[in-house]
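K.L.:
Quick one: this structure, given as structure tokens, is what I'll be asking you about.
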Amino acid sequence: MKLKGKMLLDLTPVGGRPESCEVQIAIDDGGVAEDFQAVLPGLPAEQIDRLLSNESLPSNQPMSGELEDGRRFQACISMITSCYTNPDGALIVAGSFREVDFDNAAHVEVTPHEWVFKLSNFRLRFGDVATEKPRPPGLPVGIKPGWTLDSIEFEVGGRGWRLTDDLFNTWKNIAKTSLARPVISGTLRTAFRQGDTPKELEELAQDIADLLGFALSRSVNWVSHAIKDGEGNTIRGYSRSAWTTGFNKNGFVPLDNFQRFTLKRFLEGAHPVLLENREWYSKTLRMLVQGQIADILEVRMSLLYMLADRISSFVLGKFESAEIDPELKSRARKQEFVAELHGVLSKLSPNWTQEHTDSVLTEIKRWNKMPSFVKKIQRTCQALGLPAPDPELLRPRNELLHDGELDPGDTGTHEHYLALDWVVLTMALRLFGYDGVYYHRTKGNEPVKLSDHLVHGGGLSKP
């Protein structure tokens, strides 16, 4: 449950003074205070900027306060979990307590109702389902507050979820400097079930965050979760230091809700595939996000070439047949052939050694064992129903990965990057059997259907 009251928050570390502020304190089922949320209106802009920059947040300091029922309390702030401004300009500080001492604190019986996860950097073009807006102060009686299309609902892991863009109507009011930092902007909910464990729910929330990060080309991640009762009061919660980046560090956003239910269909279709090899897909999806948001174009390209190879190895599996000759390996082992080859190659230079000859033989065996990088990617695209990429798009890979230099040939560097990005993006989408609406700059300024770019009669619905 939540208790309301006032507390004194010391802002002297950021050039302020102790401020009396409204506070809500979450009490767990053992009567212990865990989380709090404080509202500080009317602070100078420079203090808000310093607080939001995480330079001197008021953590690990004692404070005191009084509840609405008259009880006083003392506590120490152990952690600040979020700090942001609301549309009215008030500063919202949320965190957790330790060493809490209440006067006459009572045990409170509560019943778990739902799991609530907070997500970083989630933004929705528009939702599938609407949420009723809260009644603004002063709204005349009889006038309905209205609804906002800020949420999607879907089923993942055998349970229903509701995902809401908490800032749906307020993104335009957020300062650009604030968007350079991670924004805690999404709420992911699912009903509490008897037997639920944090590990199970955390894994499912991570699956959803990884898929959303790839779809929205942002570092979407879950940063905290709580179990709440039927009135929305926190029973217990957990926060973690999750990897994320600034909100404004993003790519092209390939899969937003360009049409209603786009994200729902993607999440529901992709998750069963992901569960077939959770570890591989999780790493691949995170690498895809890095390939979309890295600061240096050559770094993006290096990751994209690596991902093309990684996805191809996954799709094609082990190569059972020889590329040149099934008997080549046994012939290359014969001592008379090795001696003859070494004799020929030794004519190139007096400095030629047996080690050089052995290296040549190793390379020949590798050519026979697997296709070249170009052929490997082309075969994978064929298996996934995609057009085979131009060999010239794939040939700069070795020089880039070894020397960090990109020679795009006749095309410009940026055009080369866009073409490769499209190949890797569509390979990843086809891994999940996706053929619906998506966006990429190489296909114009509007979303298009991936099914329109598939090779007729080819491809797999799933690899």
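Scheme for the structure tokens: letters A, B, ... for chains in order shown; per-chain residue numbers from 1; ligand numbers from 1 in order shown.
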Pick out each residue of segment 164-312 of chain A that DSSP on the backbone tags as strand (DSSP E or B); I need them as a PyMOL selection string.
P.N.:
chain A and resi 164-165+184-191+221-228+234-239
K.L.:
Check which residues of segment 139-199 of chain A sit at most 10 Å from segment 248-252 of chain A using only C-alpha atoms, and return one row each with the closest pair of atoms and their distance in Å to one decimal, ordered by chain and rising number, as JSON lines.
P.N.:
{"residue": "A:Lys176", "atom": "CA", "partner": "A:Asn248", "partner_atom": "CA", "distance": 8.6}
{"residue": "A:Thr177", "atom": "CA", "partner": "A:Asn248", "partner_atom": "CA", "distance": 9.6}
{"residue": "A:Ser178", "atom": "CA", "partner": "A:Asn248", "partner_atom": "CA", "distance": 9.3}
{"residue": "A:Leu179", "atom": "CA", "partner": "A:Asn248", "partner_atom": "CA", "distance": 5.6}
{"residue": "A:Ala180", "atom": "CA", "partner": "A:Asn248", "partner_atom": "CA", "distance": 5.6}
{"residue": "A:Arg181", "atom": "CA", "partner": "A:Asn248", "partner_atom": "CA", "distance": 7.7}
{"residue": "A:Pro182", "atom": "CA", "partner": "A:Asn248", "partner_atom": "CA", "distance": 8.4}
{"residue": "A:Val183", "atom": "CA", "partner": "A:Asn248", "partner_atom": "CA", "distance": 9.5}
K.L.:
Which value, in Å to one decimal, gives the distance between atom CA of Pro198 of chain A and atom CA of Ile77 of chain A?
P.N.:
24.3 Å
K.L.:
Tell me, counting only C-alpha atoms, for each residue of segment 272-316 of chain A within 7 Å of segment 206-223 of chain A, which pair of atoms is nearest and how far apart they are in Å to one decimal, in rows ordered by chain and increasing number, as CSV.
P.N.:
residue,atom,partner,partner_atom,distance
A:Ser282,CA,A:Asp210,CA,6.5
A:Leu285,CA,A:Phe214,CA,5.9
A:Arg286,CA,A:Asp210,CA,6.6
A:Leu288,CA,A:Phe214,CA,6.5
A:Val289,CA,A:Phe214,CA,5.6
A:Gln292,CA,A:Ser217,CA,6.4
K.L.:
Using only C-alpha atoms, which protein or nucleic acid residues come within 10 Å of Pro112 of chain A? Drop anything in the same chain fewer than 3 positions from it, and give the result as an MDAnalysis selection string.
P.N.:
chainID A and resid 29 115 191:194 227:230 232:236
K.L.:
Can you tell me which residues surround Val437 of chain A at a distance of at most 8 Å, considering only C-alpha atoms, apart from same-chain residues fewer than 6 positions away, and format the answer as a list in words?
P.N.:
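Using only C-alpha atoms, the neighbours found are Leu255, Phe258, Gln259, Thr262, Pro447, Val448, Lys449 and Leu450 of chain A.
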